[in-house]
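Participant: Here you go, my_file-v2.cif (mmCIF, C-alpha atoms):
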data_my_file
#
loop_
_atom_site.label_atom_id
_atom_site.label_comp_id
_atom_site.auth_asym_id
_atom_site.auth_seq_id
_atom_site.Cartn_x
_atom_site.Cartn_y
_atom_site.Cartn_z
CA MET A 1 -5.81 -18.12 12.86
CA VAL A 2 -9.19 -16.95 14.19
CA VAL A 3 -9.12 -15.51 17.71
CA ASP A 4 -12.44 -14.52 19.29
CA ASP A 5 -14.12 -15.36 22.59
CA SER A 6 -17.49 -15.79 20.85
CA ALA A 7 -17.95 -19.37 19.69
CA VAL A 8 -20.62 -18.15 17.24
CA ILE A 9 -18.26 -15.64 15.58
CA ARG A 10 -15.36 -18.09 15.54
CA GLY A 11 -17.53 -20.72 13.89
CA LEU A 12 -18.97 -18.28 11.36
CA ILE A 13 -15.59 -16.88 10.30
CA SER A 14 -14.03 -20.35 10.19
CA ARG A 15 -16.78 -21.66 7.89
CA TRP A 16 -16.33 -18.70 5.56
CA ILE A 17 -12.59 -19.25 5.38
CA GLU A 18 -12.81 -23.00 4.88
CA ALA A 19 -15.21 -22.41 1.98
CA GLU A 20 -12.45 -20.60 0.08
CA PRO A 21 -10.25 -22.87 -2.10
CA ASP A 22 -7.02 -21.03 -1.23
CA MET A 23 -7.47 -20.67 2.55
CA VAL A 24 -7.45 -22.92 5.60
CA VAL A 25 -8.12 -22.23 9.28
CA ALA A 26 -4.85 -22.93 11.06
CA ALA A 27 -6.41 -22.54 14.52
CA SER A 28 -9.62 -21.31 16.14
CA LEU A 29 -8.89 -19.87 19.59
CA ARG A 30 -10.86 -18.23 22.39
CA THR A 31 -8.40 -15.77 23.97
CA GLY A 32 -5.42 -13.61 23.14
CA LEU A 33 -3.38 -15.69 25.59
CA ASP A 34 -4.18 -18.86 23.63
CA ALA A 35 -3.00 -17.09 20.46
CA VAL A 36 0.28 -15.94 22.00
CA ASN A 37 0.99 -19.39 23.43
CA ARG A 38 0.28 -21.19 20.15
CA ILE A 39 1.46 -18.72 17.49
CA GLU A 40 4.83 -20.39 16.92
CA ARG A 41 3.33 -23.87 16.66
CA VAL A 42 0.43 -22.82 14.45
CA ASP A 43 2.49 -20.34 12.37
CA PRO A 44 -0.37 -18.73 10.42
CA ASP A 45 -0.04 -16.16 7.64
CA VAL A 46 -2.98 -14.09 8.90
CA ALA A 47 -4.62 -13.66 12.31
CA VAL A 48 -8.17 -12.36 12.71
CA LEU A 49 -8.04 -10.88 16.20
CA ASP A 50 -10.97 -9.74 18.32
CA ILE A 51 -10.46 -6.76 20.64
CA GLU A 52 -12.48 -7.70 23.71
CA MET A 53 -11.47 -11.13 25.09
CA PRO A 54 -10.83 -12.66 28.53
CA GLU A 55 -7.36 -13.31 29.95
CA LEU A 56 -5.60 -11.21 27.30
CA ASP A 57 -7.43 -8.78 25.03
CA GLY A 58 -6.59 -8.14 21.40
CA ILE A 59 -4.69 -4.87 21.84
CA SER A 60 -2.47 -6.49 24.51
CA ALA A 61 -1.94 -9.65 22.48
CA LEU A 62 -1.06 -7.82 19.26
CA PRO A 63 2.53 -6.73 20.11
CA LEU A 64 3.25 -10.13 21.70
CA LEU A 65 2.13 -11.92 18.55
CA LEU A 66 4.24 -9.65 16.33
CA ALA A 67 7.24 -10.15 18.63
CA LYS A 68 7.02 -13.87 17.96
CA LYS A 69 6.19 -13.59 14.23
CA ARG A 70 7.10 -10.24 12.72
CA ASN A 71 5.54 -10.82 9.32
CA LEU A 72 2.19 -11.93 10.70
CA ILE A 73 -0.73 -10.07 9.10
CA ILE A 74 -3.18 -9.07 11.87
CA ILE A 75 -6.72 -7.95 11.05
CA MET A 76 -8.56 -6.51 14.05
CA VAL A 77 -12.31 -7.10 14.37
CA SER A 78 -14.57 -5.26 16.78
CA THR A 79 -18.07 -4.06 17.39
CA LEU A 80 -18.71 -0.53 16.19
CA THR A 81 -18.23 1.66 19.26
CA ARG A 82 -16.14 4.76 19.79
CA ARG A 83 -13.95 2.92 22.30
CA ASN A 84 -13.27 0.05 19.90
CA ALA A 85 -12.63 2.46 17.05
CA GLU A 86 -10.02 4.24 19.18
CA ILE A 87 -8.46 0.89 20.06
CA SER A 88 -8.41 -0.11 16.39
CA PHE A 89 -6.50 3.07 15.51
CA LYS A 90 -4.03 2.25 18.28
CA ALA A 91 -3.71 -1.26 16.87
CA LEU A 92 -2.78 0.16 13.47
CA SER A 93 0.00 2.18 15.09
CA LEU A 94 1.24 -1.00 16.84
CA GLY A 95 1.48 -2.96 13.60
CA ALA A 96 -1.98 -4.31 12.76
CA ALA A 97 -2.51 -4.40 8.99
CA ASP A 98 -6.20 -3.50 9.00
CA TYR A 99 -9.47 -3.58 10.95
CA ILE A 100 -13.06 -4.53 10.22
CA PRO A 101 -16.18 -3.76 12.25
CA LYS A 102 -18.42 -6.68 13.25
CA PRO A 103 -22.08 -6.44 12.29
CA GLU A 104 -24.40 -5.71 15.19
CA SER A 105 -26.16 -8.99 14.49
CA THR A 106 -25.10 -11.89 12.30
CA ARG A 107 -28.82 -12.63 11.81
CA GLU A 108 -29.10 -9.69 9.42
CA PRO A 109 -28.22 -11.24 6.01
CA ALA A 110 -27.06 -8.01 4.35
CA ALA A 111 -24.79 -7.01 7.27
CA ALA A 112 -23.36 -10.52 7.57
CA GLU A 113 -22.69 -10.72 3.82
CA THR A 114 -20.89 -7.36 3.84
CA PHE A 115 -18.78 -8.52 6.80
CA ARG A 116 -17.97 -11.80 5.02
CA HIS A 117 -17.07 -10.09 1.74
CA ASP A 118 -14.82 -7.51 3.41
CA LEU A 119 -13.10 -10.02 5.68
CA ILE A 120 -12.35 -12.59 2.96
CA GLN A 121 -11.07 -9.87 0.62
CA LYS A 122 -8.79 -8.47 3.31
CA ILE A 123 -7.42 -11.90 4.23
CA ARG A 124 -6.75 -12.74 0.59
CA ASP A 125 -5.21 -9.42 -0.48
CA LEU A 126 -3.12 -8.87 2.65
CA GLY A 127 -2.06 -12.51 2.76
CA ALA A 128 -0.91 -12.31 -0.85
CA LYS A 129 1.68 -9.73 0.14
CA VAL A 130 3.10 -12.13 2.73
CA ARG A 131 3.47 -14.79 0.06
CA ARG A 132 5.52 -12.38 -2.07
CA ALA A 133 7.78 -11.50 0.88
CA VAL A 134 10.72 -13.68 -0.11
CA PRO A 135 14.41 -12.79 -0.39
CA VAL A 136 15.32 -11.25 -3.74
CA SER A 137 17.84 -14.03 -4.36
CA SER A 138 15.16 -16.77 -4.20
CA SER A 139 14.84 -18.29 -7.64
CA PRO A 140 12.48 -21.31 -7.29
CA PRO A 141 8.78 -20.49 -7.61
CA LEU A 142 6.80 -20.24 -4.41
CA ALA A 143 5.01 -23.39 -3.31
CA PRO A 144 1.27 -23.04 -2.71
CA VAL A 145 0.65 -21.09 0.47
CA LEU A 146 -0.80 -24.07 2.32
CA ASP A 147 2.08 -26.41 1.45
CA ARG A 148 5.16 -24.24 1.55
CA PRO A 149 7.87 -24.81 4.18
CA ARG A 150 7.49 -22.58 7.20
CA GLN A 151 9.91 -19.67 7.35
CA PRO A 152 11.54 -18.13 10.44
CA SER A 153 9.46 -15.41 12.12
CA VAL A 154 11.18 -12.43 10.56
CA ARG A 155 9.83 -9.84 8.14
CA PRO A 156 11.96 -10.21 4.98
CA ALA A 157 12.23 -7.42 2.45
CA LEU A 158 9.70 -7.56 -0.34
CA ALA A 159 11.17 -8.69 -3.61
CA PRO A 160 10.78 -6.11 -6.38
CA VAL A 161 7.68 -6.80 -8.43
CA ALA A 162 8.20 -6.63 -12.17
CA HIS A 163 5.58 -4.67 -14.07
CA PRO A 164 5.29 -3.82 -17.73
CA GLN A 165 6.39 -0.26 -18.35
CA LEU A 166 3.55 1.81 -16.96
CA LEU A 167 2.26 4.49 -19.28
CA ARG A 168 2.70 8.00 -17.88
CA ARG A 169 0.92 11.05 -19.20
CA ALA A 170 1.84 14.68 -18.81
CA PHE A 171 0.30 16.67 -15.98
CA GLY A 172 -2.69 18.75 -17.03
CA THR A 173 -2.00 22.23 -18.31
CA GLN A 174 -4.53 23.90 -15.99
CA PRO A 175 -3.29 24.86 -12.52
CA PRO A 176 -4.95 22.68 -9.87
CA ARG A 177 -7.68 24.31 -7.78
CA ALA A 178 -8.59 21.39 -5.52
CA LEU A 179 -6.91 18.28 -4.11
CA LEU A 180 -8.93 15.05 -3.96
CA ILE A 181 -7.59 11.96 -2.16
CA GLY A 182 -8.91 8.39 -2.14
CA SER A 183 -7.65 5.57 0.08
CA SER A 184 -8.63 2.29 1.74
CA THR A 185 -6.55 -0.45 3.38
CA GLY A 186 -3.48 1.17 4.95
CA GLY A 187 -5.02 4.57 4.25
CA PRO A 188 -5.22 6.00 7.78
CA GLN A 189 -1.46 5.71 8.30
CA ALA A 190 -0.71 7.00 4.78
CA LEU A 191 -3.11 9.92 5.15
CA MET A 192 -1.64 11.00 8.48
CA ALA A 193 1.85 11.00 6.97
CA LEU A 194 0.68 12.89 3.89
CA VAL A 195 -1.37 15.65 5.51
CA ALA A 196 1.46 16.40 7.94
CA GLU A 197 3.55 17.59 4.96
CA ILE A 198 1.04 19.50 2.81
CA GLY A 199 0.09 22.40 5.06
CA ALA A 200 1.02 24.87 2.33
CA VAL A 201 -1.51 23.21 0.00
CA ILE A 202 -4.28 23.02 2.61
CA ASP A 203 -3.88 26.71 3.45
CA ARG A 204 -4.58 27.79 -0.13
CA PHE A 205 -6.81 25.08 -1.61
CA PRO A 206 -9.68 22.81 -0.53
CA VAL A 207 -8.76 19.21 0.22
CA LEU A 208 -11.38 16.45 0.06
CA ILE A 209 -10.71 12.89 1.25
CA THR A 210 -12.65 9.66 0.86
CA GLN A 211 -11.31 6.83 3.01
CA HIS A 212 -13.16 3.50 3.00
CA MET A 213 -14.26 3.45 6.63
CA PRO A 214 -17.45 2.97 8.68
CA PRO A 215 -19.17 5.57 10.86
CA THR A 216 -17.46 6.41 14.17
CA PHE A 217 -14.10 5.46 12.63
CA THR A 218 -14.23 8.48 10.29
CA THR A 219 -14.97 10.76 13.24
CA ILE A 220 -11.81 9.59 14.97
CA LEU A 221 -9.79 9.66 11.73
CA ALA A 222 -10.72 13.33 11.27
CA GLU A 223 -9.42 14.07 14.77
CA HIS A 224 -6.14 12.26 14.05
CA LEU A 225 -5.71 14.05 10.72
CA ALA A 226 -6.32 17.42 12.39
CA ARG A 227 -3.54 16.68 14.87
CA SER A 228 -1.18 15.48 12.13
CA SER A 229 -1.78 18.44 9.82
CA GLN A 230 -2.37 21.11 12.47
CA ARG A 231 -5.15 22.29 10.16
CA PRO A 232 -8.97 22.12 10.36
CA VAL A 233 -10.17 18.63 9.42
CA HIS A 234 -13.75 17.47 9.88
CA GLU A 235 -16.34 15.06 8.58
CA ALA A 236 -18.12 16.83 5.76
CA VAL A 237 -21.61 18.20 6.37
CA ASP A 238 -24.30 18.12 3.69
CA GLY A 239 -24.69 21.54 2.05
CA GLU A 240 -21.66 23.21 3.60
CA PRO A 241 -19.49 25.36 1.30
CA VAL A 242 -16.13 24.04 0.17
CA LYS A 243 -13.37 26.50 0.99
CA ALA A 244 -9.58 26.68 1.04
CA GLY A 245 -7.95 26.05 4.41
CA GLN A 246 -10.25 23.12 5.20
CA VAL A 247 -9.93 19.35 4.87
CA TYR A 248 -13.26 17.56 4.26
CA LEU A 249 -13.48 13.85 5.10
CA ALA A 250 -16.33 11.74 3.77
CA PRO A 251 -18.34 10.50 6.77
CA GLY A 252 -18.58 6.74 7.18
CA GLY A 253 -21.59 5.21 5.49
CA ARG A 254 -22.29 8.15 3.17
CA HIS A 255 -21.03 9.06 -0.30
CA MET A 256 -19.49 12.53 -0.56
CA ARG A 257 -19.90 14.54 -3.75
CA VAL A 258 -19.22 18.14 -4.74
CA VAL A 259 -21.91 20.30 -6.34
CA ARG A 260 -22.06 23.88 -7.55
CA HIS A 261 -24.23 26.35 -5.62
CA GLY A 262 -24.13 29.58 -7.59
CA THR A 263 -20.47 30.55 -7.79
CA GLU A 264 -19.45 28.34 -4.87
CA ALA A 265 -18.77 24.64 -4.44
CA ALA A 266 -20.69 22.75 -1.76
CA ILE A 267 -20.72 19.31 -0.17
CA ALA A 268 -23.50 16.87 -1.08
CA LEU A 269 -23.89 13.68 0.98
CA ASP A 270 -26.15 10.77 0.13
CA ASP A 271 -27.05 7.29 1.31
CA GLY A 272 -27.11 5.74 -2.15
CA PRO A 273 -26.11 2.12 -2.79
CA PRO A 274 -22.45 1.10 -2.36
CA VAL A 275 -20.15 1.80 -5.29
CA ASN A 276 -17.35 -0.74 -5.77
CA PHE A 277 -18.75 -2.45 -2.64
CA CYS A 278 -18.00 0.74 -0.67
CA ARG A 279 -19.88 3.61 0.92
CA PRO A 280 -18.28 6.10 0.99
CA ALA A 281 -16.63 5.43 -2.36
CA VAL A 282 -13.97 7.41 -4.19
CA ASP A 283 -15.48 7.33 -7.70
CA PRO A 284 -18.54 9.48 -6.80
CA LEU A 285 -16.29 12.19 -5.34
CA PHE A 286 -13.90 12.20 -8.29
CA ALA A 287 -16.62 12.25 -10.95
CA SER A 288 -18.70 14.95 -9.25
CA ALA A 289 -15.77 17.33 -8.82
CA ILE A 290 -15.42 17.75 -12.59
CA GLU A 291 -18.66 19.76 -12.71
CA VAL A 292 -17.12 22.23 -10.25
CA TRP A 293 -13.43 22.47 -11.13
CA GLN A 294 -13.29 20.92 -14.66
CA GLY A 295 -9.60 20.37 -15.42
CA GLY A 296 -8.38 22.07 -12.27
CA ILE A 297 -8.33 18.85 -10.24
CA LEU A 298 -5.36 16.98 -8.84
CA ALA A 299 -6.38 13.54 -7.57
CA VAL A 300 -4.28 11.16 -5.47
CA LEU A 301 -4.93 7.46 -5.00
CA LEU A 302 -3.28 5.93 -1.96
CA THR A 303 -2.98 2.35 -0.74
CA GLY A 304 -6.16 0.29 -0.83
CA MET A 305 -7.86 -2.86 -2.09
CA GLY A 306 -9.97 -3.02 -5.20
CA SER A 307 -10.12 -0.48 -8.01
CA ASP A 308 -12.24 2.33 -6.55
CA GLY A 309 -11.11 5.69 -7.92
CA MET A 310 -9.83 4.37 -11.24
CA ARG A 311 -13.00 5.15 -13.20
CA GLY A 312 -13.38 8.56 -11.57
CA GLY A 313 -9.69 9.17 -12.24
CA LYS A 314 -10.23 8.44 -15.94
CA GLU A 315 -12.96 11.08 -16.03
CA ILE A 316 -10.73 13.60 -14.28
CA VAL A 317 -7.95 13.02 -16.80
CA ALA A 318 -10.40 13.27 -19.71
CA ALA A 319 -11.51 16.65 -18.31
CA GLY A 320 -7.91 17.89 -18.23
CA GLY A 321 -7.00 17.11 -14.62
CA SER A 322 -4.22 14.89 -13.26
CA VAL A 323 -3.86 11.74 -11.14
CA ILE A 324 -0.99 10.63 -8.90
CA ALA A 325 -0.82 7.07 -7.52
CA GLN A 326 1.15 5.69 -4.60
CA ASP A 327 3.69 3.10 -5.72
CA GLU A 328 3.47 -0.60 -4.90
CA ALA A 329 6.46 -0.85 -2.59
CA SER A 330 5.10 1.73 -0.14
CA SER A 331 1.45 0.56 -0.35
CA VAL A 332 -0.06 -1.90 2.11
CA VAL A 333 -2.17 -3.15 -0.81
CA TRP A 334 -1.55 -1.94 -4.37
CA GLY A 335 -5.13 -2.32 -5.51
CA MET A 336 -6.62 1.14 -6.00
CA PRO A 337 -3.38 2.91 -6.97
CA GLY A 338 -2.31 -0.09 -9.04
CA ALA A 339 -5.56 -0.09 -10.99
CA ALA A 340 -5.05 3.58 -11.87
CA ALA A 341 -1.40 3.08 -12.74
CA ASN A 342 -2.11 0.08 -14.97
CA ALA A 343 -4.94 1.96 -16.68
CA GLY A 344 -2.38 4.50 -17.90
CA ILE A 345 -4.10 7.52 -16.35
CA CYS A 346 -1.37 8.60 -13.91
CA ALA A 347 1.03 11.48 -14.39
CA ALA A 348 3.19 10.08 -11.59
CA VAL A 349 3.49 6.90 -9.51
CA LEU A 350 5.46 7.75 -6.39
CA PRO A 351 6.53 6.36 -3.01
CA LEU A 352 4.41 7.78 -0.20
CA ASN A 353 7.23 10.00 1.10
CA GLN A 354 7.58 11.68 -2.33
CA ILE A 355 3.91 12.50 -2.86
CA ALA A 356 3.68 15.46 -0.45
CA PRO A 357 6.71 17.32 -1.88
CA LYS A 358 5.34 16.77 -5.38
CA LEU A 359 1.93 18.13 -4.39
CA VAL A 360 3.47 21.23 -2.84
CA ARG A 361 5.42 21.90 -6.04
CA LEU A 362 2.41 21.30 -8.31
CA PHE A 363 0.14 23.60 -6.31
CA SER A 364 2.90 26.21 -6.38
CA GLY A 365 2.89 26.28 -10.17
CA ASP A 366 5.32 23.53 -11.22
CA ARG A 367 3.81 21.59 -14.15
CA ALA A 368 6.76 19.31 -14.84
#
When written as structure tokens, how does the structure in this file appear?

Facilitator:
Amino acid sequence: MVVDDSAVIRGLISRWIEAEPDMVVAASLRTGLDAVNRIERVDPDVAVLDIEMPELDGISALPLLLAKKRNLIIIMVSTLTRRNAEISFKALSLGAADYIPKPESTREPAAAETFRHDLIQKIRDLGAKVRRAVPVSSSPPLAPVLDRPRQPSVRPALAPVAHPQLLRRAFGTQPPRALLIGSSTGGPQALMALVAEIGAVIDRFPVLITQHMPPTFTTILAEHLARSSQRPVHEAVDGEPVKAGQVYLAPGGRHMRVVRHGTEAAIALDDGPPVNFCRPAVDPLFASAIEVWQGGILAVLLTGMGSDGMRGGKEIVAAGGSVIAQDEASSVVWGMPGAAANAGICAAVLPLNQIAPKLVRLFSGDRA
């Protein structure tokens, strides 16, 4: 269901969706009020919801839509302003699954193509989780998503997903000297929960985070993380030294790396091409840190689409460091952590609420 007061945007998004073999536009609507009034009749899997609309805006419509269909996946779209970024963060706290910034102009081919790629990927990956949300006792295979019988508007428990036995490796023998974290879809919520519990690590070691996020959004994320952790968190600045007691967040639109300046580590930012379709990307941070801390790196991959961080994680492990991945059940999308887990590079695959205690123990000397 596409909900946007701009006929141009509605038409553009609808054409993109209809071009995909596994998707169909259930409805194309102008206002949040139209969406609320028609949600039960249309019964979509995913709603693409604009923020600024007449009659009922997106942030007001969101809880009303979820009240009528609890397992609805809502992706917020908005122009890139501080106000809309703040609203998007509020939407995440109210139950939106993700957000995506609109390009300033759909006449710019590169910006429009990035918007299309990101939106279609989010719809597909987030919608896939809805299709797996069936009672554990269900034995018949799922019908195709477009043909299956409509289910009541409740959020059923996710059935356990069977995986081949994932290979675990021992934690590195060197004590960790820096914590690196990569995340994407679902990452803001996961990061805020994680940093609230690792104050003892932040106080003694540098923490560097790459979250797939555009400019303005990372500024606000840093402010939220500072409140959650009650520790200094800021967007990294090119050339600044990397020190314990600080959390460095990659600024939107720029890759963050670590370089050695004499005996100290320093931040290096660049505007190079996207890596894994992302800028900032996790792999550049992970790979660069090896030159500074060698095997003294502990890397964490949280919820997110794609496989960013897996290649950099392999290099960290080869250098003697360790990788922890968030498990599938607690991830919004088990793409990035799943890629690392299935590559056999992880020393642990843990629910989100077990990662912080494990980090505190590891940075306190536990190597189990």

Participant: Residues at most 6 Å from stretch 48-57 of chain A, counting only C-alpha atoms, excluding those fewer than 3 positions away in the same chain, as a ChimeraX atom specification?

Facilitator: /A:2-5,31-33,60,75-78

Participant: Selected by the PyMOL selection byres ((chain A and resi 39) around 10) in the shown coordinates: which residues, as number ranges by chain?

Facilitator: A: 1, 26-27, 33-38, 40-44, 47, 64-66, 68-69, 72

Participant: Please indicate the distance in Å from atom CA of A:Glu264 to atom CA of A:Pro206, rounded to one decimal place.

Facilitator: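 Result for atom CA of A:Glu264 versus atom CA of A:Pro206: 12.0 Å, one decimal.
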
Participant: For A:Gly344, which residue among A:Ile74, A:Leu167, A:Val323, A:Val46 is the nearest when counting only C-alpha atoms?

Facilitator: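 That would be A:Leu167, the residue with the smallest distance to A:Gly344.
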
Participant: Could you tell me which residues the PyMOL selection byres ((chain A and resi 14-18) around 10) returns for this structure, as a PyMOL selection string?

Facilitator: chain A and resi 1-2+8-13+19-28+116-117+119-120+123-124

Participant: Select, from A:Thr263, A:Asp308, A:Val242, A:Ser331, the residue with the minimum atom-to-atom distance to A:Val275, counting all atoms listed in the file.

Facilitator: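 So, comparing all the options, the nearest one is A:Asp308.
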
Participant: With the PyMOL selection byres ((chain A and resi 366) around 12) as the selection, what would be picked from this file? Answer as a ChimeraX atom specification, please.

Facilitator: /A:171-176,357-365,367-368

Participant: Can you pull out the residues contacting A:Ala250? Cut-off 12 Å, using only C-alpha atoms, and skip same-chain residues under 5 positions away; I want them as a compact mmCIF listing (two decimals) with C-alpha atoms, in the frame of the given file.

Facilitator:
# COMPACT_ATOMS: atom_id res chain seq x y z
CA LEU A 180 -8.93 15.05 -3.96
CA ILE A 181 -7.59 11.96 -2.16
CA GLY A 182 -8.91 8.39 -2.14
CA SER A 183 -7.65 5.57 0.08
CA VAL A 207 -8.76 19.21 0.22
CA LEU A 208 -11.38 16.45 0.06
CA ILE A 209 -10.71 12.89 1.25
CA THR A 210 -12.65 9.66 0.86
CA GLN A 211 -11.31 6.83 3.01
CA HIS A 212 -13.16 3.50 3.00
CA MET A 213 -14.26 3.45 6.63
CA PRO A 214 -17.45 2.97 8.68
CA PRO A 215 -19.17 5.57 10.86
CA THR A 216 -17.46 6.41 14.17
CA PHE A 217 -14.10 5.46 12.63
CA THR A 218 -14.23 8.48 10.29
CA THR A 219 -14.97 10.76 13.24
CA LEU A 221 -9.79 9.66 11.73
CA ALA A 222 -10.72 13.33 11.27
CA VAL A 233 -10.17 18.63 9.42
CA HIS A 234 -13.75 17.47 9.88
CA GLU A 235 -16.34 15.06 8.58
CA ALA A 236 -18.12 16.83 5.76
CA VAL A 237 -21.61 18.20 6.37
CA ASP A 238 -24.30 18.12 3.69
CA HIS A 255 -21.03 9.06 -0.30
CA MET A 256 -19.49 12.53 -0.56
CA ARG A 257 -19.90 14.54 -3.75
CA VAL A 258 -19.22 18.14 -4.74
CA ILE A 267 -20.72 19.31 -0.17
CA ALA A 268 -23.50 16.87 -1.08
CA LEU A 269 -23.89 13.68 0.98
CA ASP A 270 -26.15 10.77 0.13
CA ASP A 271 -27.05 7.29 1.31
CA CYS A 278 -18.00 0.74 -0.67
CA ARG A 279 -19.88 3.61 0.92
CA PRO A 280 -18.28 6.10 0.99
CA ALA A 281 -16.63 5.43 -2.36
CA VAL A 282 -13.97 7.41 -4.19
CA PRO A 284 -18.54 9.48 -6.80
CA LEU A 285 -16.29 12.19 -5.34

Participant: Determine, counting all atoms listed in the file, which protein, DNA and RNA residues have an atom within 10 Å of an atom of A:Glu104; residues of the same chain fewer than 4 positions away are not included. Present the result as a ChimeraX atom specification.

Facilitator: /A:78-80,108,111-112

Participant: Have a look at atom CA of A:Ile87 and atom CA of A:Gly306 and let me know their distance in Å, one decimal.

Facilitator: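 About the pair atom CA of A:Ile87 and atom CA of A:Gly306: they are 25.6 Å apart.
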
Participant: Record the distance separating atom CA of A:Ala193 and atom CA of A:Ala128, expressed in Å with one decimal.

Facilitator: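 Atom CA of A:Ala193 sits 24.7 Å away from atom CA of A:Ala128.
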
Participant: What's around A:Ser88 at 7 Å? Count all atoms listed in the file, leave out sequence neighbours fewer than 4 positions away in its own chain, and write the answer as a list of chain:residue names.

Facilitator: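 Everything that qualifies: A:Met76, A:Asn84, A:Leu92, A:Tyr99.
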
Participant: Between A:Phe89, A:Val292, A:Ala7, A:Ile355, which residue has the minimum interatomic distance to A:Glu223, considering all atoms listed in the file?

Facilitator: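 The answer is A:Phe89, which sits nearest to A:Glu223.
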
Participant: Which neighbours of A:Phe286 fall inside 7 Å, counting all atoms listed in the file, when residues of the same chain fewer than 3 positions from it are skipped, and could you give them as a list of chain:residue names?

Facilitator: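 In the requested format, the answer is A:Val282, A:Asp283, A:Ala289, A:Gly312, A:Gly313, A:Ile316.
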
Participant: When you count all atoms listed in the file, which of these residues is closest to A:Gly239: A:Arg177, A:Leu302, A:Pro337, A:Val259?

Facilitator: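 Smallest distance to A:Gly239 is found for A:Val259.
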